[in-house]
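Colleague: This is final33.cif (mmCIF, C-alpha atoms).
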data_target
#
loop_
_atom_site.label_atom_id
_atom_site.label_comp_id
_atom_site.auth_asym_id
_atom_site.auth_seq_id
_atom_site.Cartn_x
_atom_site.Cartn_y
_atom_site.Cartn_z
CA MET A 1 130.82 38.82 -94.32
CA LYS A 2 127.30 37.48 -93.86
CA ARG A 3 126.36 34.46 -96.00
CA ARG A 4 123.61 36.38 -97.85
CA GLU A 5 125.96 39.26 -98.65
CA PHE A 6 128.59 36.78 -99.87
CA LEU A 7 126.11 35.02 -102.14
CA VAL A 8 124.79 38.27 -103.57
CA GLY A 9 128.34 39.49 -104.18
CA ALA A 10 129.31 36.20 -105.81
CA ALA A 11 126.26 36.36 -108.07
CA LEU A 12 127.07 39.91 -109.13
CA LEU A 13 130.68 38.96 -109.81
CA ALA A 14 129.62 35.94 -111.83
CA GLY A 15 127.23 38.09 -113.84
CA THR A 16 129.95 40.66 -114.52
CA MET A 17 132.41 37.93 -115.53
CA GLY A 18 129.78 36.38 -117.79
CA ARG A 19 129.14 39.69 -119.54
CA SER A 20 132.87 40.30 -119.89
CA ARG A 21 133.42 36.82 -121.30
CA ALA A 22 130.54 37.26 -123.76
CA ALA A 23 132.03 40.54 -124.93
CA ASP A 24 135.33 38.78 -125.67
CA ILE A 25 133.73 36.16 -127.93
CA PRO A 26 133.22 37.27 -131.51
CA THR A 27 129.89 36.78 -133.19
CA PRO A 28 129.69 34.60 -136.31
CA SER A 29 130.66 36.48 -139.46
CA ALA A 30 127.93 37.39 -141.94
CA ASP A 31 129.96 35.87 -144.78
CA GLY A 32 130.29 32.61 -142.87
CA LEU A 33 126.56 32.43 -142.22
CA ASP A 34 125.93 33.14 -145.90
CA ARG A 35 128.08 30.10 -146.73
CA ILE A 36 125.81 27.92 -144.57
CA THR A 37 122.82 29.21 -146.52
CA ALA A 38 124.48 28.61 -149.87
CA TYR A 39 125.49 25.07 -148.90
CA PHE A 40 122.03 23.91 -147.90
CA ASP A 41 120.34 25.76 -150.77
CA ASN A 42 122.61 23.79 -153.08
CA GLU A 43 121.87 20.44 -151.40
CA VAL A 44 118.14 20.99 -151.82
CA THR A 45 118.46 22.30 -155.38
CA LEU A 46 120.48 19.23 -156.42
CA GLY A 47 117.86 16.92 -154.92
CA ARG A 48 120.16 15.40 -152.31
CA LEU A 49 118.03 16.68 -149.43
CA PRO A 50 114.28 17.28 -149.26
CA GLY A 51 114.90 20.02 -146.73
CA ALA A 52 116.56 20.99 -143.45
CA VAL A 53 116.39 23.40 -140.53
CA VAL A 54 119.55 25.00 -139.13
CA LEU A 55 120.01 26.97 -135.91
CA VAL A 56 123.09 28.64 -134.45
CA GLN A 57 122.66 30.25 -131.05
CA GLN A 58 125.15 32.31 -129.07
CA HIS A 59 124.79 33.81 -125.58
CA GLY A 60 121.34 32.24 -125.37
CA LYS A 61 119.94 33.92 -128.49
CA PRO A 62 119.68 32.76 -132.11
CA VAL A 63 122.20 34.38 -134.44
CA TYR A 64 121.16 32.23 -137.40
CA GLN A 65 117.99 30.25 -138.07
CA LYS A 66 116.90 29.15 -141.53
CA THR A 67 114.66 26.59 -143.14
CA PHE A 68 115.41 24.95 -146.47
CA GLY A 69 113.29 23.00 -148.92
CA VAL A 70 110.28 20.93 -147.96
CA ARG A 71 109.43 18.64 -145.09
CA ASP A 72 107.90 16.04 -147.45
CA THR A 73 108.40 15.79 -151.19
CA ARG A 74 105.03 14.04 -151.53
CA THR A 75 103.09 17.04 -150.23
CA GLY A 76 105.48 19.86 -151.09
CA LEU A 77 104.84 21.45 -147.68
CA ALA A 78 107.61 23.90 -146.84
CA MET A 79 110.06 23.17 -144.05
CA THR A 80 109.26 25.28 -140.97
CA PRO A 81 110.89 25.80 -137.53
CA ASP A 82 108.17 23.63 -135.96
CA THR A 83 108.73 20.71 -138.32
CA ILE A 84 108.97 17.45 -136.37
CA PHE A 85 111.91 15.10 -137.00
CA ALA A 86 112.68 11.56 -135.95
CA ILE A 87 115.82 12.27 -133.89
CA HIS A 88 116.81 8.63 -133.38
CA SER A 89 119.97 8.51 -131.21
CA MET A 90 119.64 12.12 -130.10
CA THR A 91 117.06 10.53 -127.78
CA LYS A 92 119.95 9.07 -125.76
CA PRO A 93 121.18 12.28 -124.08
CA ILE A 94 117.62 13.03 -122.91
CA THR A 95 117.10 9.55 -121.45
CA CYS A 96 120.53 9.65 -119.83
CA LEU A 97 119.72 13.03 -118.29
CA GLY A 98 116.65 11.38 -116.75
CA ALA A 99 118.80 8.63 -115.26
CA MET A 100 121.32 11.16 -113.95
CA MET A 101 118.48 13.01 -112.21
CA LEU A 102 117.62 9.78 -110.37
CA ILE A 103 121.29 9.39 -109.44
CA ASP A 104 121.31 12.99 -108.19
CA GLU A 105 118.34 12.13 -105.96
CA GLY A 106 119.95 8.98 -104.56
CA LYS A 107 117.38 6.67 -106.18
CA LEU A 108 119.89 5.07 -108.53
CA ALA A 109 123.65 4.44 -108.35
CA LEU A 110 126.28 4.02 -111.05
CA THR A 111 127.44 0.81 -109.38
CA ASP A 112 123.98 -0.76 -109.17
CA PRO A 113 123.90 -4.03 -111.11
CA VAL A 114 121.26 -3.90 -113.83
CA SER A 115 119.94 -7.20 -112.44
CA LYS A 116 118.72 -5.26 -109.40
CA TYR A 117 116.01 -3.86 -111.68
CA VAL A 118 115.88 -6.42 -114.51
CA PRO A 119 116.52 -9.78 -112.76
CA LEU A 120 117.17 -11.71 -115.99
CA PHE A 121 120.50 -9.89 -116.30
CA ALA A 122 121.76 -12.00 -113.39
CA ASP A 123 122.04 -14.91 -115.83
CA THR A 124 123.47 -13.03 -118.82
CA LYS A 125 126.61 -14.58 -120.31
CA VAL A 126 129.36 -13.23 -122.58
CA GLY A 127 129.75 -14.54 -126.11
CA VAL A 128 133.27 -15.50 -127.19
CA GLU A 129 134.41 -16.66 -130.61
CA PRO A 130 137.62 -18.66 -130.09
CA GLU A 131 140.33 -17.83 -132.61
CA GLY A 132 140.27 -20.10 -135.63
CA THR A 133 136.70 -21.24 -135.09
CA SER A 134 133.25 -20.03 -136.04
CA LYS A 135 131.53 -21.44 -132.97
CA VAL A 136 130.44 -19.02 -130.27
CA GLU A 137 131.06 -20.09 -126.70
CA LEU A 138 129.56 -18.56 -123.58
CA GLU A 139 131.48 -17.57 -120.48
CA PRO A 140 130.45 -15.80 -117.27
CA PRO A 141 130.95 -12.05 -117.03
CA ILE A 142 133.92 -10.81 -115.03
CA ARG A 143 131.45 -8.61 -113.16
CA PRO A 144 127.76 -7.78 -113.51
CA VAL A 145 126.62 -5.19 -116.04
CA ASN A 146 125.95 -2.02 -114.05
CA ILE A 147 124.18 1.30 -114.55
CA GLU A 148 127.40 3.07 -115.51
CA ASP A 149 127.84 0.55 -118.33
CA LEU A 150 124.40 1.45 -119.69
CA LEU A 151 125.18 5.17 -119.49
CA ARG A 152 128.57 4.99 -121.20
CA GLN A 153 127.83 2.19 -123.71
CA THR A 154 130.23 -0.34 -122.15
CA SER A 155 127.69 -3.02 -121.25
CA GLY A 156 128.51 -5.39 -124.09
CA ILE A 157 124.97 -4.93 -125.42
CA SER A 158 125.04 -4.30 -129.16
CA TYR A 159 122.82 -3.38 -132.09
CA ASP A 160 122.03 -6.06 -134.63
CA TYR A 161 124.06 -4.31 -137.33
CA ILE A 162 127.28 -3.74 -135.32
CA GLY A 163 130.11 -6.10 -134.53
CA ALA A 164 131.31 -9.53 -135.63
CA PRO A 165 129.10 -11.70 -137.89
CA TRP A 166 128.11 -13.90 -134.94
CA VAL A 167 126.79 -10.85 -133.09
CA MET A 168 124.58 -9.82 -135.99
CA GLN A 169 123.38 -13.40 -136.46
CA VAL A 170 122.47 -13.85 -132.79
CA TYR A 171 120.61 -10.54 -132.57
CA GLN A 172 118.72 -11.06 -135.80
CA ALA A 173 117.79 -14.65 -134.94
CA ALA A 174 116.34 -13.54 -131.59
CA ASN A 175 113.58 -11.48 -133.27
CA ILE A 176 113.77 -8.91 -130.48
CA PHE A 177 111.31 -6.63 -132.31
CA GLU A 178 108.66 -9.28 -132.84
CA GLY A 179 105.08 -8.44 -131.81
CA PRO A 180 104.08 -5.70 -129.35
CA PHE A 181 106.39 -5.07 -126.40
CA ASN A 182 107.11 -2.42 -123.79
CA ASN A 183 110.42 -1.31 -122.30
CA ARG A 184 110.46 -3.92 -119.54
CA GLN A 185 109.72 -6.73 -121.98
CA PHE A 186 112.37 -5.43 -124.36
CA ALA A 187 114.95 -5.33 -121.55
CA ASP A 188 114.12 -8.98 -120.77
CA ARG A 189 114.69 -9.87 -124.42
CA ILE A 190 118.08 -8.15 -124.41
CA ALA A 191 119.07 -9.87 -121.14
CA LYS A 192 118.62 -13.27 -122.80
CA LEU A 193 121.22 -12.45 -125.49
CA PRO A 194 124.95 -12.93 -124.92
CA LEU A 195 127.00 -9.83 -124.27
CA THR A 196 129.39 -9.13 -127.11
CA ARG A 197 132.27 -8.24 -124.77
CA GLN A 198 133.01 -8.35 -121.08
CA PRO A 199 131.31 -5.47 -119.23
CA GLY A 200 133.40 -2.32 -119.03
CA THR A 201 136.02 -3.39 -121.58
CA LEU A 202 134.84 -1.91 -124.90
CA TRP A 203 132.74 1.03 -126.09
CA ARG A 204 130.04 -0.63 -128.14
CA TYR A 205 126.96 1.19 -129.44
CA GLY A 206 123.77 -0.71 -128.76
CA HIS A 207 120.53 -1.04 -126.84
CA SER A 208 122.07 0.01 -123.52
CA THR A 209 119.99 3.19 -123.34
CA ASP A 210 116.82 1.22 -124.13
CA VAL A 211 117.52 -0.96 -121.10
CA LEU A 212 118.20 2.22 -119.10
CA GLY A 213 114.73 3.43 -120.09
CA ALA A 214 113.26 0.30 -118.51
CA VAL A 215 115.25 0.96 -115.32
CA ILE A 216 113.85 4.50 -115.17
CA GLU A 217 110.32 3.11 -115.49
CA ILE A 218 110.87 0.57 -112.72
CA ILE A 219 112.26 3.16 -110.30
CA SER A 220 109.76 5.92 -111.11
CA GLY A 221 106.63 3.79 -111.52
CA GLN A 222 105.89 5.77 -114.69
CA THR A 223 106.25 5.05 -118.37
CA LEU A 224 109.42 6.52 -119.80
CA TYR A 225 107.46 9.23 -121.61
CA GLU A 226 105.52 10.15 -118.46
CA PHE A 227 108.78 10.47 -116.55
CA LEU A 228 110.59 12.47 -119.24
CA LYS A 229 107.55 14.68 -119.81
CA GLN A 230 107.16 15.49 -116.13
CA ARG A 231 110.81 15.92 -115.26
CA ILE A 232 112.43 17.26 -118.45
CA LEU A 233 110.21 17.97 -121.45
CA ASP A 234 107.47 20.06 -119.84
CA PRO A 235 109.80 22.07 -117.58
CA LEU A 236 112.08 22.85 -120.53
CA GLY A 237 109.13 23.79 -122.74
CA MET A 238 109.75 20.94 -125.20
CA SER A 239 106.07 20.58 -126.04
CA SER A 240 106.58 18.90 -129.43
CA THR A 241 108.98 16.20 -128.19
CA LYS A 242 107.27 12.83 -127.80
CA PHE A 243 107.31 9.20 -128.89
CA VAL A 244 103.97 9.15 -130.72
CA LEU A 245 102.16 11.82 -132.71
CA LYS A 246 98.48 11.79 -131.84
CA THR A 247 96.80 14.37 -134.07
CA PRO A 248 96.57 14.93 -137.85
CA GLU A 249 98.07 18.38 -137.31
CA GLU A 250 101.15 16.89 -135.64
CA ARG A 251 101.55 14.23 -138.29
CA ALA A 252 101.36 16.90 -141.02
CA ARG A 253 104.39 18.58 -139.42
CA MET A 254 106.51 15.43 -139.70
CA ALA A 255 109.57 15.52 -141.97
CA ARG A 256 110.17 12.57 -144.25
CA PRO A 257 113.29 11.40 -146.10
CA LEU A 258 113.54 11.18 -149.85
CA PRO A 259 111.87 8.16 -151.50
CA ASN A 260 115.33 6.74 -152.33
CA ASP A 261 116.40 6.54 -148.65
CA PRO A 262 115.35 2.95 -147.79
CA VAL A 263 117.04 2.72 -144.37
CA LEU A 264 115.13 5.68 -142.94
CA LEU A 265 111.88 4.70 -144.63
CA GLU A 266 112.14 1.25 -143.07
CA GLY A 267 112.95 2.82 -139.73
CA GLU A 268 109.81 4.94 -139.97
CA ARG A 269 107.72 1.86 -140.75
CA ASP A 270 109.20 0.09 -137.73
CA ARG A 271 108.46 3.09 -135.48
CA LEU A 272 104.84 3.25 -136.61
CA ALA A 273 104.49 -0.51 -136.14
CA HIS A 274 105.47 -0.23 -132.45
CA PRO A 275 103.72 2.80 -130.95
CA GLU A 276 103.74 0.98 -127.60
CA TRP A 277 107.56 0.93 -127.43
CA GLU A 278 109.07 4.10 -125.95
CA SER A 279 112.67 3.55 -127.03
CA GLY A 280 115.00 5.46 -124.72
CA GLY A 281 117.80 4.93 -127.20
CA GLY A 282 116.15 6.21 -130.36
CA GLY A 283 112.40 6.71 -130.28
CA LEU A 284 111.80 10.41 -129.72
CA LEU A 285 110.47 12.91 -132.24
CA SER A 286 111.36 16.57 -131.78
CA THR A 287 111.77 20.00 -133.36
CA ILE A 288 114.80 22.22 -133.62
CA THR A 289 113.25 24.78 -131.29
CA ASP A 290 112.59 22.08 -128.66
CA TYR A 291 116.04 20.55 -128.84
CA GLN A 292 117.62 23.98 -128.76
CA ARG A 293 116.21 24.40 -125.24
CA PHE A 294 117.72 21.08 -124.15
CA SER A 295 121.05 22.09 -125.72
CA GLN A 296 121.04 25.48 -123.99
CA MET A 297 120.39 23.76 -120.65
CA LEU A 298 123.56 21.71 -121.25
CA LEU A 299 125.50 24.85 -122.17
CA ASN A 300 124.26 26.46 -118.95
CA GLY A 301 125.69 23.60 -116.90
CA GLY A 302 122.40 21.88 -116.16
CA GLU A 303 120.21 24.94 -115.62
CA PHE A 304 117.65 26.69 -117.79
CA GLU A 305 115.39 29.67 -117.12
CA GLY A 306 115.88 29.49 -113.38
CA LYS A 307 115.35 25.75 -112.98
CA ARG A 308 118.25 23.40 -112.21
CA TYR A 309 118.04 19.91 -113.67
CA LEU A 310 121.26 18.46 -112.26
CA SER A 311 123.50 19.51 -109.41
CA PRO A 312 126.86 20.90 -110.59
CA ALA A 313 128.72 17.77 -109.45
CA VAL A 314 126.39 15.34 -111.23
CA PHE A 315 126.29 17.52 -114.34
CA LYS A 316 130.08 17.48 -114.42
CA ALA A 317 130.02 13.69 -114.12
CA MET A 318 127.59 13.43 -117.05
CA THR A 319 129.71 15.63 -119.30
CA THR A 320 133.16 14.24 -118.42
CA ASP A 321 134.89 11.56 -120.49
CA HIS A 322 134.62 8.12 -118.85
CA VAL A 323 136.09 5.93 -121.58
CA GLY A 324 139.51 7.53 -122.02
CA PRO A 325 142.99 6.60 -120.75
CA GLY A 326 142.90 4.75 -117.45
CA SER A 327 139.28 3.68 -117.84
CA GLY A 328 140.10 0.22 -119.17
CA VAL A 329 137.66 0.79 -122.04
CA GLY A 330 138.83 -0.19 -125.52
CA ARG A 331 137.87 1.29 -128.89
CA ASP A 332 137.56 -0.23 -132.33
CA TYR A 333 136.22 0.60 -135.78
CA PHE A 334 132.73 1.12 -134.32
CA TYR A 335 133.77 3.89 -131.90
CA PHE A 336 131.20 6.44 -133.02
CA PRO A 337 132.18 9.45 -130.85
CA GLY A 338 135.08 9.76 -133.27
CA ASP A 339 138.69 10.88 -133.23
CA GLY A 340 139.40 13.42 -130.50
CA PHE A 341 136.23 12.61 -128.55
CA GLY A 342 135.62 10.76 -125.34
CA TYR A 343 132.21 9.81 -124.04
CA GLY A 344 130.43 10.88 -120.89
CA TYR A 345 127.13 9.51 -119.68
CA GLY A 346 125.09 9.68 -122.88
CA ILE A 347 127.03 12.33 -124.77
CA GLY A 348 130.28 12.83 -126.70
CA VAL A 349 132.93 15.07 -125.12
CA ARG A 350 135.86 16.62 -127.05
CA THR A 351 139.05 15.78 -125.16
CA ASP A 352 141.83 16.51 -127.67
CA PRO A 353 142.42 17.66 -131.26
CA GLY A 354 142.64 14.09 -132.55
CA ASN A 355 144.97 12.61 -135.11
CA ALA A 356 143.79 14.37 -138.28
CA LYS A 357 145.93 17.22 -139.67
CA PRO A 358 144.47 19.78 -139.48
CA PRO A 359 142.12 18.64 -136.71
CA PRO A 360 138.38 18.77 -137.34
CA ALA A 361 136.61 21.98 -136.37
CA GLY A 362 135.52 22.44 -132.76
CA SER A 363 136.76 23.17 -129.26
CA ILE A 364 138.15 21.14 -126.39
CA GLY A 365 135.23 20.56 -124.01
CA GLU A 366 132.51 20.71 -126.66
CA LEU A 367 129.59 18.31 -126.28
CA LYS A 368 127.81 16.67 -129.18
CA TRP A 369 125.75 13.84 -130.51
CA ASP A 370 124.03 12.96 -133.75
CA SER A 371 121.73 10.31 -135.15
CA GLY A 372 121.23 7.86 -137.96
CA SER A 373 118.56 10.14 -139.39
CA GLY A 374 121.06 12.98 -139.88
CA THR A 375 120.11 15.21 -136.95
CA TYR A 376 123.03 16.78 -135.05
CA PHE A 377 123.63 19.08 -132.11
CA GLY A 378 126.74 20.66 -130.65
CA VAL A 379 127.34 22.60 -127.43
CA ASP A 380 130.49 24.75 -127.27
CA PRO A 381 131.20 26.41 -123.89
CA LYS A 382 134.29 28.17 -125.27
CA LEU A 383 132.20 30.10 -127.81
CA ASP A 384 129.07 30.12 -125.60
CA MET A 385 127.27 28.55 -128.57
CA VAL A 386 124.86 25.78 -129.47
CA TYR A 387 124.23 24.71 -133.05
CA LEU A 388 121.75 22.24 -134.47
CA LEU A 389 120.92 20.62 -137.77
CA MET A 390 117.60 18.88 -138.38
CA GLN A 391 117.35 16.80 -141.52
CA GLN A 392 116.14 13.32 -142.48
CA THR A 393 118.77 11.53 -144.53
CA GLN A 394 120.68 8.33 -144.03
CA ASN A 395 122.14 8.45 -147.53
CA GLU A 396 123.86 11.82 -147.15
CA ARG A 397 124.36 12.34 -143.42
CA SER A 398 127.99 11.13 -143.27
CA ARG A 399 128.87 13.82 -145.81
CA ILE A 400 126.58 16.66 -144.76
CA THR A 401 127.05 16.54 -140.98
CA PRO A 402 130.82 17.15 -140.90
CA ALA A 403 130.44 19.77 -143.64
CA PHE A 404 127.83 21.54 -141.51
CA LYS A 405 130.13 21.62 -138.50
CA GLU A 406 133.02 23.00 -140.57
CA LEU A 407 130.70 25.69 -141.92
CA VAL A 408 129.58 26.72 -138.42
CA TYR A 409 133.14 27.07 -137.15
CA GLY A 410 134.14 28.72 -140.42
CA CYS A 411 132.09 31.70 -139.21
CA TYR A 412 134.79 32.43 -136.60
CA PRO A 413 138.40 33.65 -136.84
CA GLU A 414 140.97 30.97 -137.65
CA GLY A 415 142.25 30.76 -134.07
CA LEU A 416 138.80 29.80 -132.77
CA ARG A 417 137.90 27.24 -135.45
CA ARG A 418 139.95 24.29 -134.21
CA PRO A 419 141.31 22.96 -130.91
#
What's the structure tokens form of this structure?

Modeller:
Amino acid sequence: MKRREFLVGAALLAGTMGRSRAADIPTPSADGLDRITAYFDNEVTLGRLPGAVVLVQQHGKPVYQKTFGVRDTRTGLAMTPDTIFAIHSMTKPITCLGAMMLIDEGKLALTDPVSKYVPLFADTKVGVEPEGTSKVELEPPIRPVNIEDLLRQTSGISYDYIGAPWVMQVYQAANIFEGPFNNRQFADRIAKLPLTRQPGTLWRYGHSTDVLGAVIEIISGQTLYEFLKQRILDPLGMSSTKFVLKTPEERARMARPLPNDPVLLEGERDRLAHPEWESGGGGLLSTITDYQRFSQMLLNGGEFEGKRYLSPAVFKAMTTDHVGPGSGVGRDYFYFPGDGFGYGYGIGVRTDPGNAKPPPAGSIGELKWDSGSGTYFGVDPKLDMVYLLMQQTQNERSRITPAFKELVYGCYPEGLRRP
């Protein structure tokens, strides 16, 4: 058989199999979708949320999209599908996709030491608190921090609110957010701090993806936003996703938390105080309709509307667990992917049901991430579904987010709700 005939035949077969598979997957039940509506109506009515936007999409098309409440209690403006949210850590999968594109092109390697791009990392030491003492000692790393460490959060770089007391003290004393700074300057500041663990030995949430943003800038010769805009945001049609809002019209579309949510309000003040910092780990603003396009690209295996963003092999690497058994990576109380989840390169990956009985809702192979501002997205290949929640709440997110996921999967028959 000629190559062209083979390819055409394979494409037709794949299309037929795709249609057959879609026909086998039930659509969400109307009663289940009504329960989502009732839940968020109640949250808004009780004053626990100013508002929210919810989207469930199956086979590439929305099956449920609703807005609730207001985007800002000060103005009373209604929540709309184009409302802009601070998505905090849901920035990470986008930045990591950018890095994986450079890996796909041979411009970056997982094994590259970070010091190749940020030389100060050549002198970074590891902080150790000997048992029975409160004094922190420094020791050399067993190996250099590399790009894979930044992608999978195993660099030993932390946040200033995570880890042992000495970690928080060292980070806070360093004043890493003082004055104006760009990504390269921020990476230099991080490189001067001790690592909290030896590279590759513990999953620890932190500024790894911010440092990765600096690496992207150094390789591309562009700012992080210029690179993401050119390579990801514009091609995907994510026109409202950016680090800084420039016009009064854009700013009027911004969602705000309730006045009694001090953590998010402080975070918003910090963001506005540093418009020059394009944080690859948490700085993007986006809408549910924008992030839906990114989510659908992930569901499609790295392709969207005829454009491929990652080769199949590199996409598989990004969405495969790299911190599970055999990886040498430990977990502790601060393992945020959660029970039953591994972690790929910038995204959580469901690997098993977990220890809870019954297990939390979801499917083996699902992808997900969320943020400190309450935004959440899930990608479920088994159900050919993406689902997103946009809200701005630190106070209520740990309660609402798992409830939302249970409600989404509650729209399906019992056998499809859990792994």

Colleague: Take the PyMOL selection byres ((chain A and resi 315) around 10), apply it to the structure above, and return the hits as a PyMOL selection string.

Modeller: chain A and resi 97+100-101+104+298+301-303+309-314+316-320+345

Colleague: Ranking A:Gly346, A:Gly32, A:Gln296, A:Ser398 by minimum distance to Lys61 of chain A and counting only C-alpha atoms, which one comes first?

Modeller: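 Answer, going by the shortest atom-to-atom distance: A:Gln296.
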
Colleague: Given the PyMOL selection byres ((chain A and resi 374) around 10) and the file above, list the residues it selects as a list in words.

Modeller: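 When the PyMOL selection byres ((chain A and resi 374) around 10) is applied, the selected residues are Ala52, Phe85, Ala86, Ile87, His88, Ser89, Met90, Leu264, Asp370, Ser371, Gly372, Ser373, Thr375, Tyr376, Leu389, Met390, Gln391, Gln392, Thr393, Gln394, Asn395, Glu396, Arg397, Ser398, Arg399, Ile400 and Thr401 of chain A.
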
Colleague: May I ask for the distance between atom CA of Leu195 of chain A and atom CA of Lys125 of chain A, given in Å to one decimal place?

Modeller: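 Interatomic distance, atom CA of Leu195 of chain A to atom CA of Lys125 of chain A: 6.2 Å.
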
Colleague: Which one of A:Leu407, A:Ala356, A:Ile216, A:Val211 sits closest to Gly338 of chain A if you count all atoms listed in the file?

Modeller: A:Ala356

Colleague: Take the point (119.3, 0.6, -124.3) in the file's coordinates, draw a sphere of radius 12 Å around it, and report as an NGL selection string every protein, DNA or RNA residue with an atom inside or on it, counting only C-alpha atoms.

Modeller: :A and (89 or 91-93 or 95-96 or 114 or 147 or 149-159 or 183-184 or 186-191 or 204-216 or 278-283 or 346)

Colleague: Pull out every residue that the PyMOL selection byres ((chain A and resi 240) around 9) matches in the shown coordinates and put them as an NGL selection string.

Modeller: :A and (82 or 84 or 233 or 237-239 or 241-242 or 245 or 250 or 285-287 or 290)

Colleague: Which one is closest to Asn355 of chain A: A:Asp321, A:Leu383, A:Pro419, A:Ala173? Count all atoms listed in the file.

Modeller: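 Result for the nearest residue to Asn355 of chain A: A:Pro419.
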
Colleague: Mind checking which residues fall within 8 Å of Thr73 of chain A, counting only C-alpha atoms, ignoring those fewer than 5 positions away in the same chain, and posting them as a ChimeraX atom specification?

Modeller: /A:50,256,258

Colleague: Residues as selected, C-alpha atoms, written as a tab-separated table (two decimals), keeping the file's coordinate frame, can you do that?

Modeller:
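The resulting file, again_12.tsv, is reproduced below:
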chain	number	residue	atom	x	y	z
A	50	PRO	CA	114.28	17.28	-149.26
A	256	ARG	CA	110.17	12.57	-144.25
A	258	LEU	CA	113.54	11.18	-149.85

Colleague: Taking into account only C-alpha atoms, which residue in the set A:Phe341, A:Thr80, A:Pro358, A:Cys411 is nearest to Pro26 of chain A?

Modeller: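 Result for the nearest residue to Pro26 of chain A: A:Cys411.
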
Colleague: Mind checking which residues fall within 12 Å of Gly306 of chain A, counting all atoms listed in the file, ignoring those fewer than 6 positions away in the same chain, and posting them as a VMD selection string?

Modeller: chain A and resid 235 to 236 297 300

Colleague: Excluding segment 107-113 of chain A and its own-chain neighbours fewer than 2 positions away, which residues fall within 7 Å of it when counting only C-alpha atoms? Please give them as a ChimeraX atom specification.

Modeller: /A:102-103,105,115-116,144-148
